[in-house]
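Following: one structure in structure tokens, then a few remarks.
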Number of protein chains: 4
Amino acid sequence: MSEPYRIATLGESRFLSPLDLSQAQGDGLGDYVTEDRRILSRHEWGAREPIDPQESFEKAGPREKLFFDPQKVRAAIVTCGGLSPGINSVVRSLFRELHYNYRVPTILGIPFGYAGLVEGSRFAPTELNDDALEDIDRLGGTFLGTSRGSQSVEEQVRFLVDRRIDMLFCIGGDGTQRGACALFREITRQGLPIAIVGVPKTIDNDIPYVSQSFGYATALERSAEVIRCAHAEARSVENGIGLVKLMGRHAGFIAAGATLVSQEANFVLVPEVRFELDGPMGLLEAIEERVRRRGHAVLAVAEGAGQYLFPTGDAGRDASGNPKPHDIGTFLKSVIERRFADRQLPVSVKYFDPSYLVRSSPANSWDRLICDQAARHAAHAAMAGKTGLVVGNWHDDWIHLPLETVIAGKKRLDLEGALWTSALLATGQPRWQPNPDC
Amino acid sequence: MSEPYRIATLGESRFLSPLDLSQAQGDGLGDYVTEDRRILSRHEWGAREPIDPQESFEKAGPREKLFFDPQKVRAAIVTCGGLSPGINSVVRSLFRELHYNYRVPTILGIPFGYAGLVEGSRFAPTELNDDALEDIDRLGGTFLGTSRGSQSVEEQVRFLVDRRIDMLFCIGGDGTQRGACALFREITRQGLPIAIVGVPKTIDNDIPYVSQSFGYATALERSAEVIRCAHAEARSVENGIGLVKLMGRHAGFIAAGATLVSQEANFVLVPEVRFELDGPMGLLEAIEERVRRRGHAVLAVAEGAGQYLFPTGDAGRDASGNPKPHDIGTFLKSVIERRFADRQLPVSVKYFDPSYLVRSSPANSWDRLICDQAARHAAHAAMAGKTGLVVGNWHDDWIHLPLETVIAGKKRLDLEGALWTSALLATGQPRWQPNPDC
Amino acid sequence: MSEPYRIATLGESRFLSPLDLSQAQGDGLGDYVTEDRRILSRHEWGAREPIDPQESFEKAGPREKLFFDPQKVRAAIVTCGGLSPGINSVVRSLFRELHYNYRVPTILGIPFGYAGLVEGSRFAPTELNDDALEDIDRLGGTFLGTSRGSQSVEEQVRFLVDRRIDMLFCIGGDGTQRGACALFREITRQGLPIAIVGVPKTIDNDIPYVSQSFGYATALERSAEVIRCAHAEARSVENGIGLVKLMGRHAGFIAAGATLVSQEANFVLVPEVRFELDGPMGLLEAIEERVRRRGHAVLAVAEGAGQYLFPTGDAGRDASGNPKPHDIGTFLKSVIERRFADRQLPVSVKYFDPSYLVRSSPANSWDRLICDQAARHAAHAAMAGKTGLVVGNWHDDWIHLPLETVIAGKKRLDLEGALWTSALLATGQPRWQPNPDC
Amino acid sequence: MSEPYRIATLGESRFLSPLDLSQAQGDGLGDYVTEDRRILSRHEWGAREPIDPQESFEKAGPREKLFFDPQKVRAAIVTCGGLSPGINSVVRSLFRELHYNYRVPTILGIPFGYAGLVEGSRFAPTELNDDALEDIDRLGGTFLGTSRGSQSVEEQVRFLVDRRIDMLFCIGGDGTQRGACALFREITRQGLPIAIVGVPKTIDNDIPYVSQSFGYATALERSAEVIRCAHAEARSVENGIGLVKLMGRHAGFIAAGATLVSQEANFVLVPEVRFELDGPMGLLEAIEERVRRRGHAVLAVAEGAGQYLFPTGDAGRDASGNPKPHDIGTFLKSVIERRFADRQLPVSVKYFDPSYLVRSSPANSWDRLICDQAARHAAHAAMAGKTGLVVGNWHDDWIHLPLETVIAGKKRLDLEGALWTSALLATGQPRWQPNPDC
């Protein structure tokens, strides 16, 4: 295997870091990270299986030598795509690391996403300062503003050059990192000394080689609260059913995680698993059996689950141009109600679709930890002249991950791993087959 | 290196698991874990450093073959020591895994810790049932009751034998696991088929080879809230200082983590670092400088920090017989006030000591995830006849850890790792030397 | 004016209260309330206007003499209709007051609303006890179960007689109190010594002569959180509009109150006001002006607002048989989007409809105070042999209110009072005319 | 009775209000309040008791005619004394009412309390603007800063004159309103056209004729959370006792209210009641009995309770010069421990003293409603030229209250009213005598 996760650099690092850390390991002082430190991409092995040390990532962290002269750096931060809890915390920690620790003189906030990165935008970049950022972690959303959709890569690069921006931090999901990668490629083509560093934002937690993206912990918390409400509704009436549609277009991390957090869902449906509706092993039979036995039931459904149940054809696209999933929530509500009507059983299905309420929350405490770490590691990477990468936490460490890897695919629930197996055991639901489309 | 982390077993596993999981890896179905799966204890390496696959742990998870006949098992659960958020969640998931999935007929709750594990105790074990446990995750504390202090090992083993208990789950910290280990040794000496499985509870997060013990995430959340209050007090008055004493007798995980969560502390003092009070690099100078410059300051202090500042001599022992630390919080309050008086600067120091408020909270959502996983993995281990171990999460996986390893030492902040380095960068405080006593 | 608010009684009170309170006013000891105490129904007067002391209510509270012999009482509690935060707290305080203070031997919980009050119901009443109720205030919903719809009055009375129930506490809204009143009338007709006492539950806070019904404070809290989310979404994008549909079919108390709590809504639409959509004073013009000037806007809309905008015709009925309002939320979303499209202005409308999330929450602290007081005052009333009433808080006191009064009409926002005037001033919205249909 | 609550005015109101409200009652439009509207100070009467309409307050609210020309007003806001939840919400609503609705051109924030109201202060007033205030309701404390202690009245009046300040809003407690009253008297003596309007801040809720001061609802919420923690600790161990010291130097509103909110305290001790320690009716006997019977107990103690138990002599004074109460919390802890030791009963007393954690919280939703209303009504009063008053909510309405009345005494728990009687019934504690010293 040939260095699959190599990180690009802008050139030789010649400036001494002002961070005042230790250059020596083993002296018990906070350290610069040396370039040879690697984090294995895989740490589970069979007892006699040989371990390939090449399957590893570059360890993130502050470098002793910097590519950029910190006293002259002009940095910019942009936030794109839908909301996710914690964006403001990332922006603030980025600012603080650059401003207080690297003493970077100019840090610009780009307004309203990539749309603010072209000349002639209705909005101009603003110079960030600590007063304005002081308490923005209390606020959901993004202080800088966001937008969806893409812009001309050439125009954006010209904008960066014209404004003499040395490093651009791109906080966003899939589409954002795809845009960041396009910028990185064009900058590389033109041989410009501009670093492009991404901070991955996906509330669905579906970025490969990122154990936990910021916003995910908050999503679990808020989602579990909604499951709790659904449970309260369900057990307050005869044959009550609480049905909660959660986020997760392509991966069931939120649905599975919220199931474990709450321990109140009896069924968890995710894109990765092909549940059946009908038949003796089907969902409807299982729901009916549960309701007859216990008087109520609670379902957590990822929005991307069960798409094969719909006739082929488009459910439309969202503002970012991504195909929207068919509405599995209202669909299930109606088939469950029909089933109980057929059986002449009374039923009361309460449906919850909390999506925006989750997305627009401020980050919870666990996510704040992630936000801060992600931001500071991104700053370290850019100052060292690394580019075309995102920072990610992997098995309790922080790594550099090439943008190319990030946009090449999405992370899926490991159906044979502990998270999903525990979700199965926590619900006791039927053992359906994997979904081959996913 | 010779298998340092070998797990004891009670004997051959002959019973088929009723969990209805897949026996084959790669079929996309939730899996039993095979005995050869290992999780590396260390996953960071130098680029050219050879990796030793022996430095690894047994992977936890459901086994296909069980030592105990699930239809006949009598299990017992005991909770000991001080409170930590999440104990009830662990008890409930243990019960549910054993009851619903393994269909264990008898699960006993031992009242008030090890004190309930001797004949003649004022309290008798009670048979647990789902109704009583249904909503206990909303409550802080422990539903079963707890106590501190130790009991006769022989008496406890006799109690287990007399009650025909096959497996005992010990939820507790340091002292509890020490007690569990004594039980395990005595049971082994007598050749009894009783499994002893621990679920490590330490709000301080200082158990070796456990990335995150349950309660820690809640402790960060609650601690950060208190730091937020301290900040509100500090910046509402002229030269305000908010001083927060946090938990952490031997390790600074809570103080460092809460500093990163809140981003509102200007100083973080931990047992592992030997901060100086006086002199140009001293804490007092730095506080004064900060207050002169910004008008206020916030300090987060682990209760075990700065013990070398006190005259030698005992500060007493707690109910478990552990030595109590000297009160660094009120000490710092008085030296800071004296310093400002000397400088004829007005100052208003507000002191916060929220210890019990943190300990008695219910678990937050992130901890609930940990609680559930820890409990289910503990059940799997015991059913497979494994004994003398705790389960722990390590780098996003779940492992078996020998009790002997757990009680052999405590985890300390890695002063050269990302958590502490980030705490340094988030506060900008002086770079003090490590504390050699720690 | 001839005693409009007279409370019926079952007969002479001959038993001494076991509450151990003082019989004398002025001795500084907790008091029994004497029958002559009155609370004015109106306490605002013009400077020279004569005050009519007849316009007053009977003061609620513990009586020294009881109609029922507490040692023999059989009480029952029923909860009906949709969920509202705090039902469980009411049930618990009712139980505790009757059990601990009056030492009532038997307190039954009626399962699933009035449906549980007929013979042949699938569910039997259960005897309540403190263990089961201890922590139910942590749970949303109703521990006893609820249902909608009505039952035969005769059958219910027969049920009460057969089970020798002396007093029935009816926790519920409009329809429930209507049912309670029917029971009261039939019981009166038959001359039975059974007390019917209601605890009014309306999350909309629209019961006449009840300043604040339980659940309302929680509804404000949760609604303001959603408005906060809507604001976060709105200001994170260019021309963002956050649109929140809140509860309130006939009255705008939740919408107006949440507007004042959050201070983040720019428009508040309530059933009592006839806002215009079009024209220079219209809503759309005002929204457009606001968005052009400030870049975003937030709307709070009561579900019963703007019904005159829909073609005549039914929007269906809910499970209780009440007519459902037309969906003003999605309607406004579409007309706003159309307007901005017409003007060729980009816009992003995020729509929030949190109804069930609010209803199924546990009560917040302010509501818990109300719940407890309502329950204890209901117990006092029933023990004294009062019947055909609800208890209500009125201007910081507790009163008895005839069921007849309660079901005769609904409370509306006083459009000339402080709450609505403040909501106008907090939003700065146009001064529309009152809605004559409301 | 001769108009006890007359409000001073600066002179004739000649300017038309820009608020765009209705001048006519009965037209269903938000109204100006006319000068003749009165709110009865007492609304409970005996059935045949004559009602004295003079016992009433001036109703607060927007006036049609203003004393000040809104286009020229220079307003100032000062916050003094200890923290209480909601100060920032009051400041923001004051600013918004004056700025957006009255279009006042200049609104100054006085830094650090009355200390900022003298020339030569280290801090200058700042002109407030909406951007800076936008989200301050998320923060505890006071955005403007506060201080304790008093300043020269003449200097402060000179400061107001020199800065051409027309109206000063004084947000603060007892001492603050005493200071405001001194300013008012001096201004009156000098015949200056400056309005002094107070917004009463007392977390203890002990201002006469104010039903609920802002901060009190939050104090109940946070206090009840702490009682919940104490309960969790108490019932997790054998013979556990949770002891919570709450605020309330002179009045037991917080302790009694939090007892009703939580329903988890078995004893509530307040300054107004003289509980005995020893003897058969004593607290210690009752605690022992409770613990023997139920295994644990929870106490809520107001900080001003039981002061007669200490030897005469001073416990010192706080920064505002008020005498500090003796520490009843630690005192009770030690006498309880001694009692149980004497009885050779094991006991574990956990002590909670959350004072600052409560004070420094942001306001909860119910308090936000109060904060907003208080602020807007204060603005209306000042614009109309009223002075020497505070605004208060009284029985669900808003009134003007002379500063002289406010500082003449403190409100106490009505020991014969519903709040305290309910607290007695919720705890079941002994019926002790009133405290004659209180």
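Residues are named by chain letter and number: chains run A, B, ... in the order of the structure tokens, numbers start at 1 in each chain, and ligands are numbered from 1 in the order shown.
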
Could the residues of chain A that have an atom at most 6 Å from chain C be listed as a tab-separated table, each with its closest atom pair and the distance in Å to one decimal, counting only C-alpha atoms and ordered by chain and ascending residue number?
```
residue	atom	partner	partner_atom	distance
A:Gly140	CA	C:Ala232	CA	5.5
A:Gly141	CA	C:Ala232	CA	5.0
A:Thr142	CA	C:Ser236	CA	5.3
A:Gly145	CA	C:Ser236	CA	4.4
A:Thr146	CA	C:Val237	CA	5.3
A:Cys229	CA	C:Ser360	CA	5.3
A:Ala232	CA	C:Gly141	CA	5.0
A:Glu233	CA	C:Gly141	CA	6.0
A:Ser236	CA	C:Gly145	CA	4.4
A:Val237	CA	C:Gly145	CA	5.3
A:Ser360	CA	C:Cys229	CA	5.3
```

Can you list, as an mmCIF file with all heavy atoms, in the first residue's frame, every protein, DNA or RNA residue that comes within 12 Å of Asp52 in chain C when you count only C-alpha atoms, leaving out same-chain residues fewer than 5 positions away?
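Produced file result.cif, reproduced below:
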```
data_model
loop_
_atom_site.group_PDB
_atom_site.id
_atom_site.type_symbol
_atom_site.label_atom_id
_atom_site.label_comp_id
_atom_site.auth_asym_id
_atom_site.auth_seq_id
_atom_site.Cartn_x
_atom_site.Cartn_y
_atom_site.Cartn_z
ATOM 1 N N MET C 1 -75.764 42.381 41.143
ATOM 2 C CA MET C 1 -75.191 41.115 40.651
ATOM 3 C C MET C 1 -75.378 40.028 41.699
ATOM 4 O O MET C 1 -75.079 40.216 42.875
ATOM 5 C CB MET C 1 -73.703 41.309 40.383
ATOM 6 C CG MET C 1 -73.142 40.285 39.447
ATOM 7 S SD MET C 1 -71.471 40.784 39.007
ATOM 8 C CE MET C 1 -70.947 39.324 38.133
ATOM 9 N N SER C 2 -75.834 38.867 41.247
ATOM 10 C CA SER C 2 -76.300 37.904 42.244
ATOM 11 C C SER C 2 -75.429 36.658 42.348
ATOM 12 O O SER C 2 -75.754 35.614 41.808
ATOM 13 C CB SER C 2 -77.735 37.493 41.907
ATOM 14 O OG SER C 2 -77.763 37.053 40.560
ATOM 15 N N GLU C 3 -74.338 36.798 43.024
ATOM 16 C CA GLU C 3 -73.467 35.653 43.310
ATOM 17 C C GLU C 3 -73.249 34.747 42.098
ATOM 18 O O GLU C 3 -73.729 33.620 42.065
ATOM 19 C CB GLU C 3 -74.076 34.820 44.431
ATOM 20 C CG GLU C 3 -74.190 35.601 45.729
ATOM 21 C CD GLU C 3 -74.450 34.659 46.877
ATOM 22 O OE1 GLU C 3 -73.478 34.072 47.357
ATOM 23 O OE2 GLU C 3 -75.611 34.481 47.262
ATOM 24 N N ILE C 39 -62.123 36.524 46.840
ATOM 25 C CA ILE C 39 -61.100 37.159 45.992
ATOM 26 C C ILE C 39 -61.846 37.917 44.892
ATOM 27 O O ILE C 39 -62.634 37.311 44.156
ATOM 28 C CB ILE C 39 -60.188 36.098 45.359
ATOM 29 C CG1 ILE C 39 -59.529 35.210 46.428
ATOM 30 C CG2 ILE C 39 -59.133 36.748 44.473
ATOM 31 C CD1 ILE C 39 -58.570 35.915 47.346
ATOM 32 N N LEU C 40 -61.596 39.211 44.788
ATOM 33 C CA LEU C 40 -62.278 39.999 43.761
ATOM 34 C C LEU C 40 -61.966 39.462 42.375
ATOM 35 O O LEU C 40 -60.820 39.129 42.077
ATOM 36 C CB LEU C 40 -61.853 41.469 43.833
ATOM 37 C CG LEU C 40 -62.284 42.242 45.086
ATOM 38 C CD1 LEU C 40 -61.765 43.676 45.011
ATOM 39 C CD2 LEU C 40 -63.794 42.238 45.222
ATOM 40 N N SER C 41 -62.975 39.396 41.539
ATOM 41 C CA SER C 41 -62.712 38.917 40.181
ATOM 42 C C SER C 41 -62.025 40.000 39.357
ATOM 43 O O SER C 41 -61.359 39.729 38.377
ATOM 44 C CB SER C 41 -64.011 38.485 39.507
ATOM 45 O OG SER C 41 -64.919 39.562 39.456
ATOM 46 N N ARG C 42 -62.174 41.226 39.812
ATOM 47 C CA ARG C 42 -61.586 42.349 39.077
ATOM 48 C C ARG C 42 -60.915 43.260 40.071
ATOM 49 O O ARG C 42 -61.502 43.593 41.100
ATOM 50 C CB ARG C 42 -62.732 43.069 38.372
ATOM 51 C CG ARG C 42 -62.358 44.280 37.605
ATOM 52 C CD ARG C 42 -63.612 44.865 36.974
ATOM 53 N NE ARG C 42 -63.417 46.278 36.711
ATOM 54 C CZ ARG C 42 -64.382 47.151 36.487
ATOM 55 N NH1 ARG C 42 -65.640 46.751 36.480
ATOM 56 N NH2 ARG C 42 -64.107 48.419 36.265
ATOM 57 N N HIS C 43 -59.687 43.629 39.807
ATOM 58 C CA HIS C 43 -59.002 44.485 40.788
ATOM 59 C C HIS C 43 -58.460 45.759 40.156
ATOM 60 O O HIS C 43 -57.751 46.516 40.786
ATOM 61 C CB HIS C 43 -57.900 43.705 41.512
ATOM 62 C CG HIS C 43 -56.754 43.339 40.611
ATOM 63 N ND1 HIS C 43 -55.498 43.157 41.072
ATOM 64 C CD2 HIS C 43 -56.697 43.147 39.279
ATOM 65 C CE1 HIS C 43 -54.698 42.841 40.065
ATOM 66 N NE2 HIS C 43 -55.400 42.823 38.974
ATOM 67 N N GLU C 44 -58.822 45.979 38.914
ATOM 68 C CA GLU C 44 -58.489 47.273 38.297
ATOM 69 C C GLU C 44 -59.759 48.108 38.223
ATOM 70 O O GLU C 44 -60.800 47.634 37.757
ATOM 71 C CB GLU C 44 -57.932 47.076 36.890
ATOM 72 C CG GLU C 44 -57.612 48.413 36.232
ATOM 73 C CD GLU C 44 -57.153 48.291 34.794
ATOM 74 O OE1 GLU C 44 -56.640 47.226 34.424
ATOM 75 O OE2 GLU C 44 -57.321 49.279 34.051
ATOM 76 N N TRP C 45 -59.656 49.326 38.666
ATOM 77 C CA TRP C 45 -60.811 50.205 38.712
ATOM 78 C C TRP C 45 -60.382 51.601 38.315
ATOM 79 O O TRP C 45 -59.224 51.983 38.466
ATOM 80 C CB TRP C 45 -61.402 50.258 40.135
ATOM 81 C CG TRP C 45 -61.853 48.921 40.596
ATOM 82 C CD1 TRP C 45 -61.100 47.978 41.208
ATOM 83 C CD2 TRP C 45 -63.158 48.358 40.424
ATOM 84 N NE1 TRP C 45 -61.849 46.848 41.440
ATOM 85 C CE2 TRP C 45 -63.120 47.055 40.977
ATOM 86 C CE3 TRP C 45 -64.362 48.823 39.881
ATOM 87 C CZ2 TRP C 45 -64.227 46.215 40.976
ATOM 88 C CZ3 TRP C 45 -65.468 47.995 39.899
ATOM 89 C CH2 TRP C 45 -65.398 46.700 40.435
ATOM 90 N N HIS D 43 -56.921 42.388 47.310
ATOM 91 C CA HIS D 43 -58.096 41.913 46.584
ATOM 92 C C HIS D 43 -58.781 40.744 47.288
ATOM 93 O O HIS D 43 -59.675 40.132 46.763
ATOM 94 C CB HIS D 43 -57.747 41.572 45.138
ATOM 95 C CG HIS D 43 -56.871 40.370 45.013
ATOM 96 N ND1 HIS D 43 -56.835 39.594 43.904
ATOM 97 C CD2 HIS D 43 -55.999 39.816 45.890
ATOM 98 C CE1 HIS D 43 -55.989 38.614 44.071
ATOM 99 N NE2 HIS D 43 -55.456 38.715 45.257
ATOM 100 N N TRP D 45 -61.034 39.851 50.502
ATOM 101 C CA TRP D 45 -61.889 40.524 51.473
ATOM 102 C C TRP D 45 -62.789 39.487 52.118
ATOM 103 O O TRP D 45 -63.068 38.447 51.543
ATOM 104 C CB TRP D 45 -62.763 41.586 50.784
ATOM 105 C CG TRP D 45 -61.948 42.634 50.130
ATOM 106 C CD1 TRP D 45 -61.438 42.615 48.873
ATOM 107 C CD2 TRP D 45 -61.496 43.854 50.717
ATOM 108 N NE1 TRP D 45 -60.695 43.733 48.636
ATOM 109 C CE2 TRP D 45 -60.722 44.525 49.752
ATOM 110 C CE3 TRP D 45 -61.684 44.460 51.972
ATOM 111 C CZ2 TRP D 45 -60.123 45.751 49.996
ATOM 112 C CZ3 TRP D 45 -61.088 45.693 52.197
ATOM 113 C CH2 TRP D 45 -60.305 46.332 51.229
ATOM 114 N N ALA D 47 -66.557 38.403 53.274
ATOM 115 C CA ALA D 47 -67.779 38.516 52.474
ATOM 116 C C ALA D 47 -68.510 39.833 52.714
ATOM 117 O O ALA D 47 -69.086 40.409 51.804
ATOM 118 C CB ALA D 47 -68.720 37.351 52.771
ATOM 119 N N ARG D 48 -68.488 40.336 53.920
ATOM 120 C CA ARG D 48 -69.278 41.540 54.209
ATOM 121 C C ARG D 48 -68.412 42.748 54.531
ATOM 122 O O ARG D 48 -68.906 43.802 54.930
ATOM 123 C CB ARG D 48 -70.257 41.261 55.340
ATOM 124 C CG ARG D 48 -71.589 40.756 54.802
ATOM 125 C CD ARG D 48 -72.457 40.065 55.798
ATOM 126 N NE ARG D 48 -73.432 39.223 55.095
ATOM 127 C CZ ARG D 48 -73.164 38.010 54.625
ATOM 128 N NH1 ARG D 48 -71.971 37.492 54.788
ATOM 129 N NH2 ARG D 48 -74.093 37.328 53.979
ATOM 130 N N GLU D 49 -67.105 42.585 54.352
ATOM 131 C CA GLU D 49 -66.168 43.648 54.662
ATOM 132 C C GLU D 49 -66.258 44.751 53.600
ATOM 133 O O GLU D 49 -66.307 44.452 52.413
ATOM 134 C CB GLU D 49 -64.766 43.031 54.623
ATOM 135 C CG GLU D 49 -63.784 43.515 55.646
ATOM 136 C CD GLU D 49 -62.475 42.728 55.492
ATOM 137 O OE1 GLU D 49 -62.511 41.548 55.057
ATOM 138 O OE2 GLU D 49 -61.440 43.296 55.761
ATOM 139 N N PRO D 50 -66.296 46.026 53.995
ATOM 140 C CA PRO D 50 -66.301 47.078 52.973
ATOM 141 C C PRO D 50 -64.908 47.218 52.328
ATOM 142 O O PRO D 50 -63.887 47.026 52.991
ATOM 143 C CB PRO D 50 -66.651 48.337 53.772
ATOM 144 C CG PRO D 50 -66.215 48.044 55.166
ATOM 145 C CD PRO D 50 -66.322 46.556 55.359
ATOM 146 N N ILE D 51 -64.905 47.507 51.059
ATOM 147 C CA ILE D 51 -63.649 47.614 50.320
ATOM 148 C C ILE D 51 -63.268 49.078 50.184
ATOM 149 O O ILE D 51 -64.098 49.914 49.834
ATOM 150 C CB ILE D 51 -63.806 46.992 48.923
ATOM 151 C CG1 ILE D 51 -64.135 45.504 49.060
ATOM 152 C CG2 ILE D 51 -62.551 47.189 48.097
ATOM 153 C CD1 ILE D 51 -64.483 44.842 47.756
ATOM 154 N N ASP D 52 -62.031 49.391 50.492
ATOM 155 C CA ASP D 52 -61.566 50.762 50.390
ATOM 156 C C ASP D 52 -60.821 50.962 49.067
ATOM 157 O O ASP D 52 -59.694 50.489 48.910
ATOM 158 C CB ASP D 52 -60.628 51.069 51.569
ATOM 159 C CG ASP D 52 -60.118 52.497 51.508
ATOM 160 O OD1 ASP D 52 -60.414 53.201 50.513
ATOM 161 O OD2 ASP D 52 -59.424 52.903 52.452
ATOM 162 N N PRO D 53 -61.420 51.662 48.112
ATOM 163 C CA PRO D 53 -60.780 51.801 46.808
ATOM 164 C C PRO D 53 -59.514 52.653 46.854
ATOM 165 O O PRO D 53 -58.738 52.669 45.896
ATOM 166 C CB PRO D 53 -61.865 52.477 45.957
ATOM 167 C CG PRO D 53 -62.827 53.072 46.908
ATOM 168 C CD PRO D 53 -62.698 52.356 48.205
#
```

Practice problem: Would you mind writing down, as a PyMOL selection string, each residue of range 360-402 of chain C that DSSP on the backbone assigns to strand (DSSP E or B)? | Solution: chain C and resi 386-387+389-394+397-402

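Residues in contact with Asn266 in chain B at up to 9 Å, not including ones fewer than 6 positions away on its chain and judged by only C-alpha atoms, are Thr259, Ile287, Arg290, Ala297, Val298, Leu299, Ala300, Ala426, Thr427, Gly428 and Gln429 of chain B.
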
Quiz prompt | Spatial neighbours of Tyr114 in chain D, 12 Å, only C-alpha atoms, chain gap at least 6 places, as a ChimeraX atom specification | solution = /D:76-81,121,123-125,144-153,155-157,159-160,168-172,175-180,183

Quiz item: What's the 12 Å shell around Phe253 in chain D, counting only C-alpha atoms, without same-chain residues fewer than 3 positions away, as a ChimeraX atom specification?
Solution: /D:202-207,211-213,216-217,219-220,223,246-250,256-261,268-272,300-305,410-415,419-420,423

Self-check item: For range 192-196 of chain D: contacts at 7 Å, only C-alpha atoms, fewer than 4 positions along chain excluded, given as JSON, numbers by chain
Solution: {"D": [10, 166, 167, 168, 169, 180, 184, 187, 188, 382, 385, 386, 387, 388]}

Self-check item: Spatial neighbours of Gln25 in chain D, max dist 8 Å, only C-alpha atoms, sep filter under 4 positions, as a list of chain:residue names
Solution: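 Here the answer would be C:Glu416, D:Leu29, D:Asp31.
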
With N, CA and C atoms kept, could you save the residues just selected as a short mmCIF file (atom, residue, chain, number, x, y, z; two decimals), in the first residue's frame?
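Output (out-v9.cif):
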```cif
data_model
loop_
_atom_site.label_atom_id
_atom_site.label_comp_id
_atom_site.auth_asym_id
_atom_site.auth_seq_id
_atom_site.Cartn_x
_atom_site.Cartn_y
_atom_site.Cartn_z
N GLU C 416 -56.28 45.09 24.76
CA GLU C 416 -55.93 46.41 25.29
C GLU C 416 -55.12 46.30 26.58
N LEU D 29 -57.91 47.72 20.40
CA LEU D 29 -56.54 48.01 19.98
C LEU D 29 -55.67 48.25 21.21
N ASP D 31 -53.60 49.71 24.01
CA ASP D 31 -53.99 51.01 24.58
C ASP D 31 -52.88 51.76 25.29
#
```

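What separates CA of Arg339 in chain B from CA of Ala286 in chain B is a distance of 11.6 Å.
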
Quiz prompt | Filtered DSSP result for range 109-282 of chain B, state helix (DSSP H, G or I), as number ranges by chain | solution = B: 113-117, 130-133, 136-138, 153-162, 174-190, 216-235, 253-262

Exercise. Go through B:Pro208, B:Gly11, B:Pro402, B:Pro325 and flag the residue nearest Leu309 in chain B, using only C-alpha atoms for the distances.
Key: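 So, comparing all the options, the nearest one is B:Pro325.
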
Exercise. Please measure the separation of CA of Arg274 in chain B and CA of Glu288 in chain B, giving the value in Å to one decimal.
Key: 19.2 Å
